[in-house]
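Structure, as structure tokens:
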There are 2 protein chains.
Amino acid sequence: MDNQLQSWIEALCSGDVRSLARAISLVENRGQGAYELLKAVFPHSGKARVIGLTGPPGAGKSTLVDQLAHHYRRAQRTVGIVAVDPTSPYTGGAILGDRIRMQSHHADPGIYIRSMATRGALGGLAHTTADVATVMDASGRDVILIETVGVGQDEVDIVRLADVTIVILVPGMGDDVQTIKAGIMEIADIFVINKSDREGAERVEREILSMQSLASSSRKNGADAWTPPIVKTVASEGKGIAELGAAIEKYEAYLAQDNRLLAKTTHNWETRLTEMLRDAVLERVVRARLGDGELARCAAEVAEHKQDPYSLVEKMVSAYVKA
Amino acid sequence: MDNQLQSWIEALCSGDVRSLARAISLVENRGQGAYELLKAVFPHSGKARVIGLTGPPGAGKSTLVDQLAHHYRRAQRTVGIVAVDPTSPYTGGAILGDRIRMQSHHADPGIYIRSMATRGALGGLAHTTADVATVMDASGRDVILIETVGVGQDEVDIVRLADVTIVILVPGMGDDVQTIKAGIMEIADIFVINKSDREGAERVEREILSMQSLASSSRKNGADAWTPPIVKTVASEGKGIAELGAAIEKYEAYLAQDNRLLAKTTHNWETRLTEMLRDAVLERVVRARLGDGELARCAAEVAEHKQDPYSLVEKMVSAYVKA
């Protein structure tokens, strides 16, 4: 490791915010030296509590995350926030709201917020988000909050890699609420019903409870299985945040028993390694082998039905991957 | 090709619904012989018009898709519907609504509906959905409607591979509407404002128009560039469906000029081949090299911080991919 990288990492691990910002940018853009940095930073990570929060559009996630950040600040814990937006390769995602949020935290260096707006063609968003969380972790943040709009699988993949996964629902979500819940039901360690002063909060609660009773009767749950609690909040008024903090603490205590945290982390790494491997292999193959318009030429042949894509991909795999 | 496969494909291509259902199941589950089938089926595909529809939860997509299907049926065209749900590896997605929909179309063999509820650990959902559409195409369906809940990148990836991409918005979507629109703005060939009898429809329209004027001033648009029209519908009452059909036809006429359809299809295949290659390489590497718990062992070492994941993945790639 060269001296420059060494001093960068020292500054980063001592909590220097500018070094952190620079490191995240490098990792997010997969710039030159990104992997060198990640390798050097990894041994310093693993101390933070990573909390993933997801929910449908309009659930008030940003407000809830901000409130939770202040909750941890009151307990003297430093916080990093990774806000993942559904992104656009052209517009770079919605940035305006993020700027406003950054300003509101500006006075407190104990809260560092970073928006993930880019998604490379080759690197998966979940993979990049996890790496950014690792860098924040190494910089000494006590709690890392990862926030996504959770309807797509990609977003679900992101938060499920956290130590604690919180699914945020809201009354009156329309006809697709069943679908959403079916998709995220089993990733939740804790449910939040936000905007719970609105009509319909009880209905959402009943629906979660009935799905839980269905799930527990179909599974062989041990006596010590965790049943995700339901916390009602009105984040815009700060209501229910202390209760949410307590629910998280209770789940942390559960994880601390019987090696559960290590088992969960190992399982998460299995998923994450698979994704890293996929991205790395693809990058190697696509960059090295399919440059100079070869991919475009192949695509044109398939589009004109001169070649079938399945045989083409088979041939490529045999050519590129060791038997 | 063996005789059994041959006669299966003949039945499939002649429009036999049971052969189609069986083929889709095989492709969706990536069962043994799936790729043999796809290779044999591909030359028969390429005739259908593939229309992708996406929008946030609660936008009334299913109803709109059903209405559009009936619109095409009135013109004597056969329809295939692929409904992609945000999925759960455990519950298999929300199936109830789908059953109800299937029943409503049951009397008409000209509409075939299939829900994509599974997502394999290794195969991408966009990849599988595209393959299912190819099978429907080969079976002689004139129009294929692919419907997803479009907030995640995964869902956006699915519909952007269609010939025609329709983005469905709805009045009163809450605070995340900006974010959603930023993510899907540039994939839309046509915008639909559904439930347009509700308050706020004009506001949604104004927002789309203002984003379009921003986009067109920042891009160097040729005089012949396509500006996505905005169609207002009340799908539950069948209002605006004929207008939507007309807008689709107009876009088809646009695509038919200057080789635009081939250019678009080629571009789509570039994306799709990359994803197929990624999945195939990963499958080869993970299945062949990381079986017998090796992945789990590596994950445990990383979880215990005995090894950094970045160096580990680098080593794996060098070991598995030809230089």
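Residues in the structure tokens are numbered from 1 in each chain, the chains being A, B, ... in the order shown, and ligands are numbered from 1 in the order shown.
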
Chain B least-squares fitted onto chain A over all paired C-alpha atoms, as a JSON list (two decimals) with C-alpha atoms, in the first residue's frame:
```
[["chain", "number", "residue", "atom", "x", "y", "z"],
["B", 1, "MET", "CA", 0.01, -0.08, -0.04],
["B", 2, "ASP", "CA", 1.43, 3.30, -1.00],
["B", 3, "ASN", "CA", 1.86, 6.08, 1.53],
["B", 4, "GLN", "CA", -0.87, 8.22, 0.07],
["B", 5, "LEU", "CA", -3.46, 5.46, 0.37],
["B", 6, "GLN", "CA", -2.21, 4.65, 3.85],
["B", 7, "SER", "CA", -2.66, 8.19, 5.12],
["B", 8, "TRP", "CA", -6.04, 8.44, 3.41],
["B", 9, "ILE", "CA", -7.22, 5.33, 5.21],
["B", 10, "GLU", "CA", -5.82, 6.54, 8.52],
["B", 11, "ALA", "CA", -7.75, 9.80, 8.15],
["B", 12, "LEU", "CA", -10.85, 7.89, 7.10],
["B", 13, "CYS", "CA", -10.70, 5.52, 10.04],
["B", 14, "SER", "CA", -10.16, 8.39, 12.46],
["B", 15, "GLY", "CA", -13.52, 9.73, 11.32],
["B", 16, "ASP", "CA", -12.43, 12.52, 8.96],
["B", 17, "VAL", "CA", -15.52, 13.39, 6.95],
["B", 18, "ARG", "CA", -13.75, 14.66, 3.85],
["B", 19, "SER", "CA", -11.74, 11.44, 3.55],
["B", 20, "LEU", "CA", -14.97, 9.51, 3.99],
["B", 21, "ALA", "CA", -16.75, 11.49, 1.26],
["B", 22, "ARG", "CA", -13.84, 10.97, -1.12],
["B", 23, "ALA", "CA", -13.72, 7.25, -0.38],
["B", 24, "ILE", "CA", -17.44, 6.80, -0.97],
["B", 25, "SER", "CA", -17.24, 8.59, -4.31],
["B", 26, "LEU", "CA", -14.41, 6.33, -5.41],
["B", 27, "VAL", "CA", -16.32, 3.21, -4.37],
["B", 28, "GLU", "CA", -19.60, 4.36, -5.88],
["B", 29, "ASN", "CA", -17.97, 5.13, -9.22],
["B", 30, "ARG", "CA", -15.73, 2.04, -9.09],
["B", 31, "GLY", "CA", -12.87, 4.34, -9.91],
["B", 32, "GLN", "CA", -9.26, 3.29, -10.18],
["B", 33, "GLY", "CA", -8.03, 2.10, -6.81],
["B", 34, "ALA", "CA", -11.53, 1.43, -5.47],
["B", 35, "TYR", "CA", -10.75, -2.19, -4.69],
["B", 36, "GLU", "CA", -7.37, -1.36, -3.15],
["B", 37, "LEU", "CA", -9.19, 1.03, -0.84],
["B", 38, "LEU", "CA", -11.94, -1.48, 0.01],
["B", 39, "LYS", "CA", -9.41, -4.19, 0.80],
["B", 40, "ALA", "CA", -7.51, -1.86, 3.09],
["B", 41, "VAL", "CA", -10.67, -0.58, 4.75],
["B", 42, "PHE", "CA", -12.38, -3.93, 5.32],
["B", 43, "PRO", "CA", -10.40, -4.97, 8.43],
["B", 44, "HIS", "CA", -11.56, -1.74, 10.10],
["B", 45, "SER", "CA", -15.22, -2.51, 9.43],
["B", 46, "GLY", "CA", -17.63, -4.78, 11.25],
["B", 47, "LYS", "CA", -18.26, -2.61, 14.29],
["B", 48, "ALA", "CA", -21.27, -0.60, 13.14],
["B", 49, "ARG", "CA", -24.87, -1.62, 13.54],
["B", 50, "VAL", "CA", -26.34, -1.65, 10.00],
["B", 51, "ILE", "CA", -30.08, -1.00, 9.82],
["B", 52, "GLY", "CA", -31.95, -1.29, 6.53],
["B", 53, "LEU", "CA", -35.28, 0.47, 6.03],
["B", 54, "THR", "CA", -37.59, -0.05, 3.11],
["B", 55, "GLY", "CA", -41.15, 0.65, 2.17],
["B", 56, "PRO", "CA", -43.35, 1.73, -0.72],
["B", 57, "PRO", "CA", -43.33, 5.26, -2.18],
["B", 58, "GLY", "CA", -45.07, 7.73, 0.06],
["B", 59, "ALA", "CA", -44.45, 5.80, 3.28],
["B", 60, "GLY", "CA", -42.46, 8.68, 4.76],
["B", 61, "LYS", "CA", -39.17, 6.82, 4.88],
["B", 62, "SER", "CA", -36.89, 9.87, 4.75],
["B", 63, "THR", "CA", -38.63, 11.52, 7.67],
["B", 64, "LEU", "CA", -38.55, 8.33, 9.70],
["B", 65, "VAL", "CA", -34.88, 7.78, 8.96],
["B", 66, "ASP", "CA", -34.08, 11.37, 9.97],
["B", 67, "GLN", "CA", -35.96, 10.92, 13.23],
["B", 68, "LEU", "CA", -34.17, 7.65, 13.93],
["B", 69, "ALA", "CA", -30.85, 9.35, 13.24],
["B", 70, "HIS", "CA", -31.66, 12.02, 15.84],
["B", 71, "HIS", "CA", -32.72, 9.28, 18.27],
["B", 72, "TYR", "CA", -29.24, 7.77, 18.04],
["B", 73, "ARG", "CA", -27.58, 11.17, 18.22],
["B", 74, "ARG", "CA", -29.33, 11.84, 21.53],
["B", 75, "ALA", "CA", -27.60, 8.67, 22.77],
["B", 76, "GLN", "CA", -24.26, 10.10, 21.58],
["B", 77, "ARG", "CA", -23.94, 7.60, 18.75],
["B", 78, "THR", "CA", -22.68, 8.73, 15.36],
["B", 79, "VAL", "CA", -24.82, 8.00, 12.33],
["B", 80, "GLY", "CA", -24.27, 7.40, 8.64],
["B", 81, "ILE", "CA", -27.22, 7.43, 6.25],
["B", 82, "VAL", "CA", -27.16, 5.81, 2.80],
["B", 83, "ALA", "CA", -30.25, 6.86, 0.85],
["B", 84, "VAL", "CA", -30.80, 4.72, -2.23],
["B", 85, "ASP", "CA", -33.04, 6.22, -4.89],
["B", 86, "PRO", "CA", -34.58, 4.44, -7.84],
["B", 87, "THR", "CA", -32.11, 5.77, -10.31],
["B", 88, "SER", "CA", -31.89, 7.11, -13.71],
["B", 89, "PRO", "CA", -28.76, 6.77, -15.80],
["B", 90, "TYR", "CA", -29.51, 10.22, -17.22],
["B", 91, "THR", "CA", -30.86, 12.40, -14.47],
["B", 92, "GLY", "CA", -28.88, 10.69, -11.75],
["B", 93, "GLY", "CA", -31.92, 10.32, -9.54],
["B", 94, "ALA", "CA", -33.85, 12.80, -7.50],
["B", 95, "ILE", "CA", -31.36, 14.97, -5.75],
["B", 96, "LEU", "CA", -33.33, 17.98, -4.63],
["B", 97, "GLY", "CA", -34.97, 16.39, -1.58],
["B", 98, "ASP", "CA", -31.61, 15.03, -0.59],
["B", 99, "ARG", "CA", -29.98, 18.45, -0.62],
["B", 100, "ILE", "CA", -32.68, 19.76, 1.66],
["B", 101, "ARG", "CA", -32.10, 16.86, 4.03],
["B", 102, "MET", "CA", -28.36, 17.41, 4.03],
["B", 103, "GLN", "CA", -28.87, 21.00, 5.02],
["B", 104, "SER", "CA", -31.08, 20.05, 7.95],
["B", 105, "HIS", "CA", -28.29, 17.88, 9.31],
["B", 106, "HIS", "CA", -25.57, 20.29, 8.38],
["B", 107, "ALA", "CA", -24.97, 21.61, 11.86],
["B", 108, "ASP", "CA", -24.28, 18.12, 13.25],
["B", 109, "PRO", "CA", -21.12, 16.38, 12.02],
["B", 110, "GLY", "CA", -22.39, 13.30, 13.89],
["B", 111, "ILE", "CA", -24.79, 12.64, 11.03],
["B", 112, "TYR", "CA", -23.33, 11.94, 7.61],
["B", 113, "ILE", "CA", -25.80, 11.44, 4.77],
["B", 114, "ARG", "CA", -25.01, 10.11, 1.35],
["B", 115, "SER", "CA", -27.35, 9.55, -1.54],
["B", 116, "MET", "CA", -26.69, 6.67, -3.91],
["B", 117, "ALA", "CA", -27.94, 7.96, -7.19],
["B", 118, "THR", "CA", -25.86, 6.14, -9.73],
["B", 119, "ARG", "CA", -26.06, 2.59, -10.86],
["B", 120, "GLY", "CA", -23.35, 1.41, -13.18],
["B", 121, "ALA", "CA", -24.20, -0.79, -16.10],
["B", 122, "LEU", "CA", -22.07, -3.54, -14.67],
["B", 123, "GLY", "CA", -22.11, -3.19, -10.92],
["B", 124, "GLY", "CA", -25.20, -4.14, -8.99],
["B", 125, "LEU", "CA", -26.75, -1.50, -6.78],
["B", 126, "ALA", "CA", -26.96, -3.82, -3.78],
["B", 127, "HIS", "CA", -23.27, -4.59, -4.14],
["B", 128, "THR", "CA", -22.27, -0.92, -4.31],
["B", 129, "THR", "CA", -24.52, 0.07, -1.41],
["B", 130, "ALA", "CA", -23.03, -2.66, 0.77],
["B", 131, "ASP", "CA", -19.53, -1.44, -0.08],
["B", 132, "VAL", "CA", -20.45, 2.15, 0.81],
["B", 133, "ALA", "CA", -21.83, 0.93, 4.13],
["B", 134, "THR", "CA", -18.54, -0.90, 4.74],
["B", 135, "VAL", "CA", -16.61, 2.34, 4.20],
["B", 136, "MET", "CA", -18.91, 4.24, 6.59],
["B", 137, "ASP", "CA", -18.51, 1.42, 9.10],
["B", 138, "ALA", "CA", -14.72, 1.65, 8.91],
["B", 139, "SER", "CA", -14.90, 5.41, 9.40],
["B", 140, "GLY", "CA", -16.29, 4.72, 12.86],
["B", 141, "ARG", "CA", -19.98, 5.48, 12.43],
["B", 142, "ASP", "CA", -21.83, 3.65, 15.20],
["B", 143, "VAL", "CA", -25.08, 3.23, 13.33],
["B", 144, "ILE", "CA", -25.61, 3.04, 9.57],
["B", 145, "LEU", "CA", -29.09, 3.54, 8.22],
["B", 146, "ILE", "CA", -29.71, 2.29, 4.67],
["B", 147, "GLU", "CA", -32.93, 3.56, 3.16],
["B", 148, "THR", "CA", -34.52, 2.37, -0.09],
["B", 149, "VAL", "CA", -37.87, 2.49, -1.83],
["B", 150, "GLY", "CA", -38.74, -1.14, -1.50],
["B", 151, "VAL", "CA", -40.91, -2.46, -4.23],
["B", 152, "GLY", "CA", -38.35, -3.81, -6.64],
["B", 153, "GLN", "CA", -36.29, -6.87, -5.89],
["B", 154, "ASP", "CA", -33.14, -4.82, -6.17],
["B", 155, "GLU", "CA", -34.17, -2.61, -3.27],
["B", 156, "VAL", "CA", -35.27, -5.57, -1.20],
["B", 157, "ASP", "CA", -31.86, -7.14, -1.85],
["B", 158, "ILE", "CA", -30.19, -4.05, -0.45],
["B", 159, "VAL", "CA", -31.92, -3.87, 2.90],
["B", 160, "ARG", "CA", -32.00, -7.59, 3.52],
["B", 161, "LEU", "CA", -28.21, -7.48, 3.87],
["B", 162, "ALA", "CA", -28.48, -5.30, 6.98],
["B", 163, "ASP", "CA", -28.21, -6.56, 10.55],
["B", 164, "VAL", "CA", -31.71, -5.27, 11.19],
["B", 165, "THR", "CA", -34.33, -4.91, 8.47],
["B", 166, "ILE", "CA", -37.27, -2.58, 9.01],
["B", 167, "VAL", "CA", -40.25, -2.61, 6.66],
["B", 168, "ILE", "CA", -42.31, 0.57, 6.68],
["B", 169, "LEU", "CA", -45.96, 0.44, 5.73],
["B", 170, "VAL", "CA", -48.56, 3.14, 5.68],
["B", 171, "PRO", "CA", -52.36, 3.24, 5.75],
["B", 172, "GLY", "CA", -54.25, 3.57, 2.48],
["B", 173, "MET", "CA", -51.71, 2.23, 0.04],
["B", 174, "GLY", "CA", -54.20, 1.24, -2.64],
["B", 175, "ASP", "CA", -54.83, -2.02, -4.40],
["B", 176, "ASP", "CA", -51.26, -3.23, -4.67],
["B", 177, "VAL", "CA", -50.67, -3.39, -0.93],
["B", 178, "GLN", "CA", -51.14, -7.17, -0.87],
["B", 179, "THR", "CA", -48.52, -7.60, -3.53],
["B", 180, "ILE", "CA", -46.01, -5.42, -1.75],
["B", 181, "LYS", "CA", -46.50, -7.17, 1.52],
["B", 182, "ALA", "CA", -46.14, -10.58, -0.05],
["B", 183, "GLY", "CA", -42.77, -9.51, -1.40],
["B", 184, "ILE", "CA", -41.30, -8.05, 1.75],
["B", 185, "MET", "CA", -43.09, -9.95, 4.49],
["B", 186, "GLU", "CA", -40.26, -12.34, 5.23],
["B", 187, "ILE", "CA", -37.40, -9.85, 5.16],
["B", 188, "ALA", "CA", -38.83, -7.76, 8.02],
["B", 189, "ASP", "CA", -37.30, -8.00, 11.47],
["B", 190, "ILE", "CA", -39.51, -5.11, 12.55],
["B", 191, "PHE", "CA", -42.61, -3.60, 10.96],
["B", 192, "VAL", "CA", -43.37, 0.11, 11.19],
["B", 193, "ILE", "CA", -46.77, 1.54, 10.39],
["B", 194, "ASN", "CA", -45.94, 5.17, 9.73],
["B", 195, "LYS", "CA", -48.53, 7.96, 9.44],
["B", 196, "SER", "CA", -50.43, 5.81, 11.92],
["B", 197, "ASP", "CA", -52.73, 8.70, 12.82],
["B", 198, "ARG", "CA", -54.36, 8.21, 9.44],
["B", 199, "GLU", "CA", -57.44, 6.16, 8.86],
["B", 200, "GLY", "CA", -56.71, 2.54, 8.09],
["B", 201, "ALA", "CA", -53.71, 2.02, 10.41],
["B", 202, "GLU", "CA", -55.59, -0.68, 12.33],
["B", 203, "ARG", "CA", -56.40, -2.45, 9.09],
["B", 204, "VAL", "CA", -52.73, -2.54, 8.07],
["B", 205, "GLU", "CA", -51.87, -3.90, 11.52],
["B", 206, "ARG", "CA", -54.54, -6.60, 11.29],
["B", 207, "GLU", "CA", -53.25, -7.61, 7.86],
["B", 208, "ILE", "CA", -49.70, -7.95, 9.12],
["B", 209, "LEU", "CA", -50.87, -9.98, 12.11],
["B", 210, "SER", "CA", -52.95, -12.29, 9.95],
["B", 211, "MET", "CA", -50.06, -12.87, 7.57],
["B", 212, "GLN", "CA", -47.82, -13.58, 10.55],
["B", 213, "SER", "CA", -50.23, -16.14, 11.98],
["B", 214, "LEU", "CA", -50.44, -17.80, 8.57],
["B", 215, "ALA", "CA", -46.67, -17.84, 8.28],
["B", 216, "SER", "CA", -46.06, -19.19, 11.77],
["B", 217, "SER", "CA", -48.54, -22.01, 11.33],
["B", 218, "SER", "CA", -46.97, -23.09, 8.05],
["B", 219, "ARG", "CA", -43.41, -22.90, 9.35],
["B", 220, "LYS", "CA", -41.91, -25.06, 12.05],
["B", 221, "ASN", "CA", -40.95, -22.27, 14.38],
["B", 222, "GLY", "CA", -38.84, -23.01, 17.37],
["B", 223, "ALA", "CA", -40.07, -21.63, 20.67],
["B", 224, "ASP", "CA", -37.34, -19.02, 20.40],
["B", 225, "ALA", "CA", -38.25, -17.77, 16.92],
["B", 226, "TRP", "CA", -38.44, -14.00, 16.44],
["B", 227, "THR", "CA", -41.83, -12.58, 15.59],
["B", 228, "PRO", "CA", -41.37, -9.14, 14.01],
["B", 229, "PRO", "CA", -43.07, -6.59, 16.25],
["B", 230, "ILE", "CA", -45.24, -3.84, 14.79],
["B", 231, "VAL", "CA", -44.37, -0.27, 15.81],
["B", 232, "LYS", "CA", -46.74, 2.59, 15.05],
["B", 233, "THR", "CA", -45.18, 5.95, 14.29],
["B", 234, "VAL", "CA", -46.03, 9.43, 13.12],
["B", 235, "ALA", "CA", -42.52, 10.31, 12.04],
["B", 236, "SER", "CA", -43.36, 13.89, 11.06],
["B", 237, "GLU", "CA", -44.24, 14.55, 14.73],
["B", 238, "GLY", "CA", -41.57, 12.32, 16.21],
["B", 239, "LYS", "CA", -44.19, 9.96, 17.63],
["B", 240, "GLY", "CA", -43.22, 6.34, 18.15],
["B", 241, "ILE", "CA", -39.52, 6.87, 17.46],
["B", 242, "ALA", "CA", -38.46, 5.93, 20.99],
["B", 243, "GLU", "CA", -40.61, 2.79, 20.70],
["B", 244, "LEU", "CA", -38.93, 1.96, 17.40],
["B", 245, "GLY", "CA", -35.53, 2.44, 19.03],
["B", 246, "ALA", "CA", -36.58, 0.07, 21.80],
["B", 247, "ALA", "CA", -37.80, -2.54, 19.31],
["B", 248, "ILE", "CA", -34.45, -2.37, 17.52],
["B", 249, "GLU", "CA", -32.64, -2.82, 20.83],
["B", 250, "LYS", "CA", -34.76, -5.83, 21.67],
["B", 251, "TYR", "CA", -33.94, -7.41, 18.33],
["B", 252, "GLU", "CA", -30.25, -6.66, 18.85],
["B", 253, "ALA", "CA", -30.45, -8.48, 22.18],
["B", 254, "TYR", "CA", -32.08, -11.41, 20.41],
["B", 255, "LEU", "CA", -29.34, -11.45, 17.77],
["B", 256, "ALA", "CA", -26.66, -11.39, 20.46],
["B", 257, "GLN", "CA", -27.84, -14.77, 21.79],
["B", 258, "ASP", "CA", -26.79, -18.19, 20.48],
["B", 259, "ASN", "CA", -24.42, -16.82, 17.84],
["B", 260, "ARG", "CA", -27.39, -15.57, 15.85],
["B", 261, "LEU", "CA", -25.66, -12.41, 14.62],
["B", 262, "LEU", "CA", -22.72, -14.37, 13.20],
["B", 263, "ALA", "CA", -25.10, -16.82, 11.53],
["B", 264, "LYS", "CA", -27.05, -13.95, 9.99],
["B", 265, "THR", "CA", -23.90, -12.15, 8.88],
["B", 266, "THR", "CA", -22.53, -15.34, 7.33],
["B", 267, "HIS", "CA", -25.77, -15.88, 5.45],
["B", 268, "ASN", "CA", -25.69, -12.27, 4.24],
["B", 269, "TRP", "CA", -22.12, -12.67, 3.06],
["B", 270, "GLU", "CA", -23.08, -15.74, 1.09],
["B", 271, "THR", "CA", -25.55, -13.60, -0.85],
["B", 272, "ARG", "CA", -23.15, -10.70, -1.12],
["B", 273, "LEU", "CA", -20.19, -12.80, -2.29],
["B", 274, "THR", "CA", -22.38, -14.33, -4.99],
["B", 275, "GLU", "CA", -23.31, -10.90, -6.24],
["B", 276, "MET", "CA", -19.72, -9.62, -6.06],
["B", 277, "LEU", "CA", -18.55, -12.66, -7.96],
["B", 278, "ARG", "CA", -21.23, -12.19, -10.59],
["B", 279, "ASP", "CA", -20.31, -8.54, -11.10],
["B", 280, "ALA", "CA", -16.56, -9.22, -11.13],
["B", 281, "VAL", "CA", -16.86, -12.06, -13.63],
["B", 282, "LEU", "CA", -19.12, -10.03, -15.86],
["B", 283, "GLU", "CA", -16.80, -7.05, -15.72],
["B", 284, "ARG", "CA", -13.82, -9.20, -16.59],
["B", 285, "VAL", "CA", -15.64, -10.87, -19.47],
["B", 286, "VAL", "CA", -17.41, -7.83, -20.87],
["B", 287, "ARG", "CA", -14.52, -5.42, -20.50],
["B", 288, "ALA", "CA", -11.80, -7.75, -21.69],
["B", 289, "ARG", "CA", -13.64, -9.78, -24.28],
["B", 290, "LEU", "CA", -16.52, -7.76, -25.59],
["B", 291, "GLY", "CA", -14.89, -4.41, -26.14],
["B", 292, "ASP", "CA", -14.50, -2.66, -29.47],
["B", 293, "GLY", "CA", -18.14, -2.99, -30.43],
["B", 294, "GLU", "CA", -18.21, -6.78, -30.39],
["B", 295, "LEU", "CA", -21.25, -6.78, -28.11],
["B", 296, "ALA", "CA", -23.04, -4.34, -30.41],
["B", 297, "ARG", "CA", -22.21, -6.51, -33.43],
["B", 298, "CYS", "CA", -23.59, -9.60, -31.69],
["B", 299, "ALA", "CA", -26.72, -7.69, -30.64],
["B", 300, "ALA", "CA", -27.31, -6.55, -34.23],
["B", 301, "GLU", "CA", -27.06, -10.14, -35.48],
["B", 302, "VAL", "CA", -29.58, -11.29, -32.91],
["B", 303, "ALA", "CA", -31.90, -8.38, -33.63],
["B", 304, "GLU", "CA", -31.86, -9.32, -37.30],
["B", 305, "HIS", "CA", -32.48, -12.95, -36.32],
["B", 306, "LYS", "CA", -29.25, -14.08, -37.98],
["B", 307, "GLN", "CA", -28.22, -15.81, -34.77],
["B", 308, "ASP", "CA", -30.08, -17.09, -31.72],
["B", 309, "PRO", "CA", -28.97, -15.46, -28.46],
["B", 310, "TYR", "CA", -28.98, -18.68, -26.44],
["B", 311, "SER", "CA", -26.39, -20.46, -28.58],
["B", 312, "LEU", "CA", -24.37, -17.25, -28.74],
["B", 313, "VAL", "CA", -24.20, -16.90, -24.96],
["B", 314, "GLU", "CA", -23.33, -20.58, -24.58],
["B", 315, "LYS", "CA", -20.42, -20.14, -26.95],
["B", 316, "MET", "CA", -19.23, -17.06, -25.07],
["B", 317, "VAL", "CA", -19.36, -18.78, -21.70],
["B", 318, "SER", "CA", -17.36, -21.75, -22.99],
["B", 319, "ALA", "CA", -14.82, -19.40, -24.49],
["B", 320, "TYR", "CA", -14.37, -17.29, -21.38],
["B", 321, "VAL", "CA", -14.93, -19.51, -18.38],
["B", 322, "LYS", "CA", -12.54, -22.30, -17.45],
["B", 323, "ALA", "CA", -14.13, -25.74, -17.68]]
```

From a DSSP calculation on the backbone, collect every residue of region 111-308 of chain B in helix (DSSP H, G or I) and output the set as a ChimeraX atom specification. /B:125-138,153-159,177-187,201-218,235-237,241-289,294-303
